[in-house]
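Reading through the structure tokens given below for one structure.
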Amino acid sequence: NRKFVLAERPEGEPTKSTLRLEAAMVPSIGDNQMLLRTEYLSLDPYMRGRMSDEPSYAAPVEIGEVMVGGTVAQVVTSNVDGFEVGDWILSFNGWQDYALSDGAGLTNLGASPAHPSWALGVLGMPGFTAWAGLTQIGVPKPGETIVVAAATGPVGATVGQIGKLLGCRVVGIAGGPEKCVYAVDELGFDDCIDHKAGDFSDRLAKASPNGIDVYFENVGGKVLDAVIPLLNSNARIPVCGLVSQYNATELPDGPDRMNWLMGQILHKKIKVQGFIIFDDFGHLYPNFAKEMGAWVESSKVKYREEIIDGLGNAPEAFIGLLNGENFGKRVIRVGNT
Ligand code: NDP
């Protein structure tokens with residue numbers, strides 16, 4: 001039973017010594033318990049926050065504890081009613097091969113789900129984040145312009161595709177030409193701008209000729225800088241994530257533009273609202289599951305996964321995720337390596 005535990009709290013970018021691989025016995029089940037074998041481990045940007053002990057909405061992983069993470073596992077042995085050997089389970093077992101559970105809080109995906117790992121992406125937490133942030137805070141109206149960065153990741157890709165289904169103009173922002181072509185040709189975005197291009201701000205302005213009504217904030221940094229002057233009166237900003245800042249050890253150098261920003265928010269009557277998906281919108285999960293399930297089934301919403309084999313490769317794959325090396329939802333197929 002392999003497990004990655006948190007070895008030290010990273011200063012800035014996580015390194016090879018942030019997590020440590022340990023071996024343990026495979027646990028045996030007791031009454032009302034089952035043994036789960038992890039098949040897929042989700043890699044998500046929020047994991048960087050859990051490595052840190054700064055005050056946050058969730059407690060940090062303690063040093064020596066198994067790194068947390070969403071998983072899709074299979075039941076190996078079971079003493080729990082409703083969970084049969086071989087069932088696929090959406091769980092939160094973290095970065096390890098095996099875990100015991102009494103079934104509380106888990107979702108049984110059944111004996112043969114069509115795409116078990118999709119429960120970690122478009123049909124699970126990231127898809128729900130996109131759906132709820134956009135519909136509950138962004139509240140886009142047909143004809144309005146939505147801008148979203150990390151446009152080919154599980155949250156951004158879903159935000160943009162829902163925006164199109166709701167009749168909006170959708171402009172994505174992504175790292176590199178290949179991702180941008182994919183966002184337009186495969187996901188149906190109206191445009192997609194490469195944030196690594198030198199004339200990024202100008203291109204974003206040209207792609208948003210009627211201004212921006214909803215900016216779905218995934219990344220912060222220079223993308224946010226380019227977006228703010230383009231916002232329309234009564235624009236909405238669901239603040240979902242700030243991935244460009246997750247490895248930062250200090251605030252960027254000035255000038256201090258906080259008062260300019262607050263002036264924009266005031267004069268343009270902009271609504272800025274942060275949210276933590278299950279804290280704020282957990283009660284809407286059944287509505288999401290029904291609507292998104294139908295959209296995915298009918299290919300109205302498409303999904304791209306990037307599967308990496310081997311639990312041993314998870315730390316490197318996670319470091320790359322924060323740098324935009326992923327193209328689509330990054331998932332580890334745990335296997336034996
Ligand atoms: P992604 O799979 O899209 O991965 C993150 C992406 O961010 C990278 O692939 C990269 O894409 C982009 N990125 C990284 N650095 C920068 C940078 N400096 N400037 C611009 N873009 C950058 O992640 P998810 O779809 O899983 O998550 C998207 C956001 O949603 C994250 O901020 C995450 O923390 C947040 N989130 C928030 C939740 C909540 O409850 N509030 C729940 C779930 C997710 P590219 O190469 O295209 O730039």
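For the structure tokens, the naming scheme is as follows: chains receive sequential letters (A, B, ...) according to their order of presentation, residues are indexed from 1 within each chain, and ligands are indexed from 1 in presentation order.
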Exercise. Using only C-alpha atoms and all ligand atoms, what are the residues with an atom within 6 Å of ligand 1, set out as an MDAnalysis selection string?
Worked result: chainID A and resid 44:46 126 129 150:151 153:156 174:175 218:219 240:244 275:277 321:324 326 328:329
Those same residues - C-alpha atoms - I'd like them written as a CSV table (one decimal), in the first residue's frame.
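File written: again-v8.csv
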```
chain,number,residue,atom,x,y,z
A,44,ASP,CA,-6.4,19.9,-8.6
A,45,PRO,CA,-5.0,23.3,-8.0
A,46,TYR,CA,-6.5,23.6,-4.5
A,126,PRO,CA,-14.8,21.0,-11.3
A,129,THR,CA,-17.8,24.7,-9.9
A,150,ALA,CA,-7.5,28.4,-17.9
A,151,ALA,CA,-10.0,27.8,-20.8
A,153,GLY,CA,-9.0,23.0,-18.0
A,154,PRO,CA,-12.0,21.3,-16.5
A,155,VAL,CA,-13.5,24.4,-14.9
A,156,GLY,CA,-12.8,26.9,-17.7
A,174,ALA,CA,-5.2,29.9,-22.5
A,175,GLY,CA,-1.5,29.3,-22.5
A,218,ASN,CA,-9.7,31.4,-12.4
A,219,VAL,CA,-6.2,32.8,-12.6
A,240,CYS,CA,-13.3,31.0,-8.4
A,241,GLY,CA,-9.5,30.7,-8.2
A,242,LEU,CA,-6.2,32.6,-8.6
A,243,VAL,CA,-3.9,29.9,-9.8
A,244,SER,CA,-1.2,32.3,-11.1
A,275,PHE,CA,-17.2,31.2,-3.6
A,276,ILE,CA,-16.1,27.8,-2.3
A,277,ILE,CA,-18.1,25.3,-4.2
A,321,LEU,CA,-0.4,21.4,-13.4
A,322,LEU,CA,0.2,24.7,-11.6
A,323,ASN,CA,2.5,25.8,-14.5
A,324,GLY,CA,-0.1,25.0,-17.2
A,326,ASN,CA,-1.7,20.1,-18.5
A,328,GLY,CA,-7.3,19.1,-20.1
A,329,LYS,CA,-8.2,17.6,-16.7
```
I'd like to know which residues of segment 104-194 of chain A are strand (DSSP E or B) (by DSSP, run on the backbone); could you write them as a compact mmCIF listing (two decimals) with N, CA and C atoms, in the first residue's frame?
```txt
# COMPACT_ATOMS: atom_id res chain seq x y z
N THR A 107 -20.05 8.36 -3.17
CA THR A 107 -21.04 8.15 -4.22
C THR A 107 -20.71 6.85 -4.93
N ASN A 108 -21.67 5.94 -4.96
CA ASN A 108 -21.47 4.67 -5.66
C ASN A 108 -21.83 4.89 -7.14
N LEU A 109 -20.83 4.73 -8.01
CA LEU A 109 -21.05 4.95 -9.45
C LEU A 109 -21.54 3.68 -10.14
N GLY A 110 -21.66 2.59 -9.38
CA GLY A 110 -22.19 1.34 -9.93
C GLY A 110 -21.08 0.42 -10.43
N THR A 145 -21.08 39.08 -23.04
CA THR A 145 -19.75 38.51 -23.26
C THR A 145 -19.19 37.95 -21.95
N ILE A 146 -18.76 36.68 -22.02
CA ILE A 146 -18.11 36.01 -20.89
C ILE A 146 -16.64 35.81 -21.24
N VAL A 147 -15.76 36.12 -20.30
CA VAL A 147 -14.33 35.81 -20.48
C VAL A 147 -13.91 34.84 -19.38
N VAL A 148 -13.19 33.79 -19.77
CA VAL A 148 -12.70 32.82 -18.79
C VAL A 148 -11.30 32.35 -19.18
N ALA A 149 -10.40 32.33 -18.19
CA ALA A 149 -9.04 31.83 -18.42
C ALA A 149 -8.92 30.39 -17.93
N ARG A 169 -21.58 35.42 -25.97
CA ARG A 169 -20.28 35.42 -26.65
C ARG A 169 -19.25 34.96 -25.62
N VAL A 170 -18.41 33.99 -25.98
CA VAL A 170 -17.45 33.45 -25.02
C VAL A 170 -16.03 33.62 -25.56
N VAL A 171 -15.21 34.30 -24.76
CA VAL A 171 -13.80 34.48 -25.10
C VAL A 171 -12.97 33.75 -24.05
N GLY A 172 -12.18 32.79 -24.50
CA GLY A 172 -11.30 32.07 -23.60
C GLY A 172 -9.92 32.69 -23.57
N ILE A 173 -9.18 32.37 -22.52
CA ILE A 173 -7.76 32.75 -22.42
C ILE A 173 -7.02 31.47 -22.04
N ALA A 174 -5.97 31.16 -22.78
CA ALA A 174 -5.24 29.92 -22.50
C ALA A 174 -3.76 30.11 -22.82
N ASP A 191 -13.76 32.98 -29.43
CA ASP A 191 -12.36 33.36 -29.62
C ASP A 191 -11.58 32.85 -28.43
N CYS A 192 -10.27 32.78 -28.57
CA CYS A 192 -9.43 32.39 -27.43
C CYS A 192 -8.08 33.06 -27.61
N ILE A 193 -7.62 33.72 -26.57
CA ILE A 193 -6.41 34.52 -26.65
C ILE A 193 -5.31 33.87 -25.81
N ASP A 194 -4.11 33.82 -26.39
CA ASP A 194 -2.95 33.24 -25.73
C ASP A 194 -2.35 34.26 -24.76
```
For this session: Could you give me the residues within segment 171-252 of chain A that DSSP places in alpha helix (DSSP H), as a list of chain:residue names?
Result: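 Selection result, alpha helix (DSSP H) within segment 171-252 of chain A: A:Pro177, A:Glu178, A:Lys179, A:Cys180, A:Val181, A:Tyr182, A:Ala183, A:Val184, A:Asp185, A:Phe200, A:Ser201, A:Asp202, A:Arg203, A:Leu204, A:Ala205, A:Lys206, A:Ala207, A:Gly221, A:Lys222, A:Val223, A:Leu224, A:Asp225, A:Ala226, A:Val227.
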Could those selected residues go to a file with C-alpha atoms, as a tab-separated table (two decimals), in the first residue's frame?
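File result.tsv, as written:
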```
chain	number	residue	atom	x	y	z
A	177	PRO	CA	-1.72	28.43	-29.59
A	178	GLU	CA	-2.61	24.72	-29.42
A	179	LYS	CA	-4.93	25.20	-26.46
A	180	CYS	CA	-6.49	28.27	-28.09
A	181	VAL	CA	-7.24	26.43	-31.34
A	182	TYR	CA	-8.84	23.63	-29.33
A	183	ALA	CA	-11.05	26.06	-27.38
A	184	VAL	CA	-12.44	27.54	-30.61
A	185	ASP	CA	-12.55	24.50	-32.91
A	200	PHE	CA	-2.19	39.79	-25.14
A	201	SER	CA	-4.07	42.82	-23.72
A	202	ASP	CA	-4.68	44.31	-27.17
A	203	ARG	CA	-5.90	41.01	-28.53
A	204	LEU	CA	-8.24	40.54	-25.59
A	205	ALA	CA	-9.70	44.01	-26.16
A	206	LYS	CA	-10.23	43.26	-29.87
A	207	ALA	CA	-11.90	39.94	-29.01
A	221	GLY	CA	-2.28	38.04	-12.28
A	222	LYS	CA	-1.78	39.74	-15.62
A	223	VAL	CA	-5.01	38.26	-17.00
A	224	LEU	CA	-6.99	40.10	-14.35
A	225	ASP	CA	-5.01	43.28	-15.11
A	226	ALA	CA	-6.01	43.04	-18.78
A	227	VAL	CA	-9.66	42.28	-18.02
```
Exercise. Excluding same-chain residues fewer than 5 positions from Pro14 of chain A, what lies within 10 Å of it counting only C-alpha atoms, as a list in words?
Worked result: Glu8, Arg9, Leu19, Arg48, Met51, Asn247, Pro315, Glu316, Phe318, Ile319 and Leu322 of chain A
For this session: Rank nothing, just name the residue among A:Pro60, A:Gly121, A:Gly30, A:Pro252 nearest to Asn79 of chain A, using only C-alpha atoms.
Result: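 For Asn79 of chain A, the nearest of the candidates is A:Gly30.
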For this session: Report the distance between atom CA of Leu166 of chain A and atom CA of Gly143 of chain A in Å, rounded to one decimal place.
Result: 8.8 Å
Exercise. Out of A:Pro209, A:Gly254, A:Gly176, A:Gly69, which residue has the shortest atom-to-atom distance to Gly94 of chain A when counting only C-alpha atoms?
Worked result: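 Distance minimum relative to Gly94 of chain A lands on A:Gly69.
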Exercise. Could you name the residues that touch segment 82-86 of chain A at 8 Å or less, counting only C-alpha atoms, but leaving out those on the same chain fewer than 6 positions away, as a ChimeraX atom specification?
Worked result: /A:74-76,103,108,111
Exercise. Between atom CA of Leu266 of chain A and atom CA of Thr135 of chain A, what is the distance, to one decimal in Å?
Worked result: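 Pair atom CA of Leu266 of chain A / atom CA of Thr135 of chain A returns 23.1 Å.
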For this session: Kindly indicate which residue among A:Pro10, A:Asp81, A:Ser101, A:Trp131 lies nearest to Pro286 of chain A, using only C-alpha atoms for the distances.
Result: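 Going through A:Pro10, A:Asp81, A:Ser101, A:Trp131 one by one, the smallest distance to Pro286 of chain A is for A:Trp131.
For the set A:Gly70, A:Gly335, A:Gly188, A:Gly312, the residue with the smallest atom-to-atom gap to Leu120 of chain A is A:Gly70, counting only C-alpha atoms.
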At a cut-off of 12 Å, can you tabulate as CSV every residue of segment 212-277 of chain A near segment 159-162 of chain A together with its closest atom pair and the distance in Å to one decimal, using only C-alpha atoms and ordering rows by chain then number?
```
residue,atom,partner,partner_atom,distance
A:Val214,CA,A:Val159,CA,10.8
A:Tyr215,CA,A:Val159,CA,10.5
A:Phe216,CA,A:Val159,CA,7.9
A:Glu217,CA,A:Val159,CA,10.7
A:Asn218,CA,A:Val159,CA,10.6
A:Pro238,CA,A:Val159,CA,11.1
A:Cys240,CA,A:Val159,CA,11.2
```
Using C-alpha atoms, can you write the selected residues to a file as a tab-separated table (two decimals), in the first residue's frame?
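See result.tsv below for the written result:
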```tsv
chain	number	residue	atom	x	y	z
A	214	VAL	CA	-18.93	38.23	-16.87
A	215	TYR	CA	-15.31	37.57	-16.00
A	216	PHE	CA	-15.06	34.08	-14.49
A	217	GLU	CA	-11.89	34.49	-12.44
A	218	ASN	CA	-9.67	31.38	-12.43
A	238	PRO	CA	-17.34	35.01	-9.82
A	240	CYS	CA	-13.27	30.97	-8.39
```
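Among the candidates A:Arg330, A:Lys141, A:Lys271, A:Arg50, the residue lying nearest to Ile308 of chain A is A:Arg330 (atoms considered: only C-alpha atoms).
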Exercise. Counting only C-alpha atoms, which of A:Trp295, A:Gly124, A:His283, A:Gly167 gets nearest to Pro140 of chain A?
Worked result: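 Using only C-alpha atoms, Pro140 of chain A sits closest to A:Gly167.
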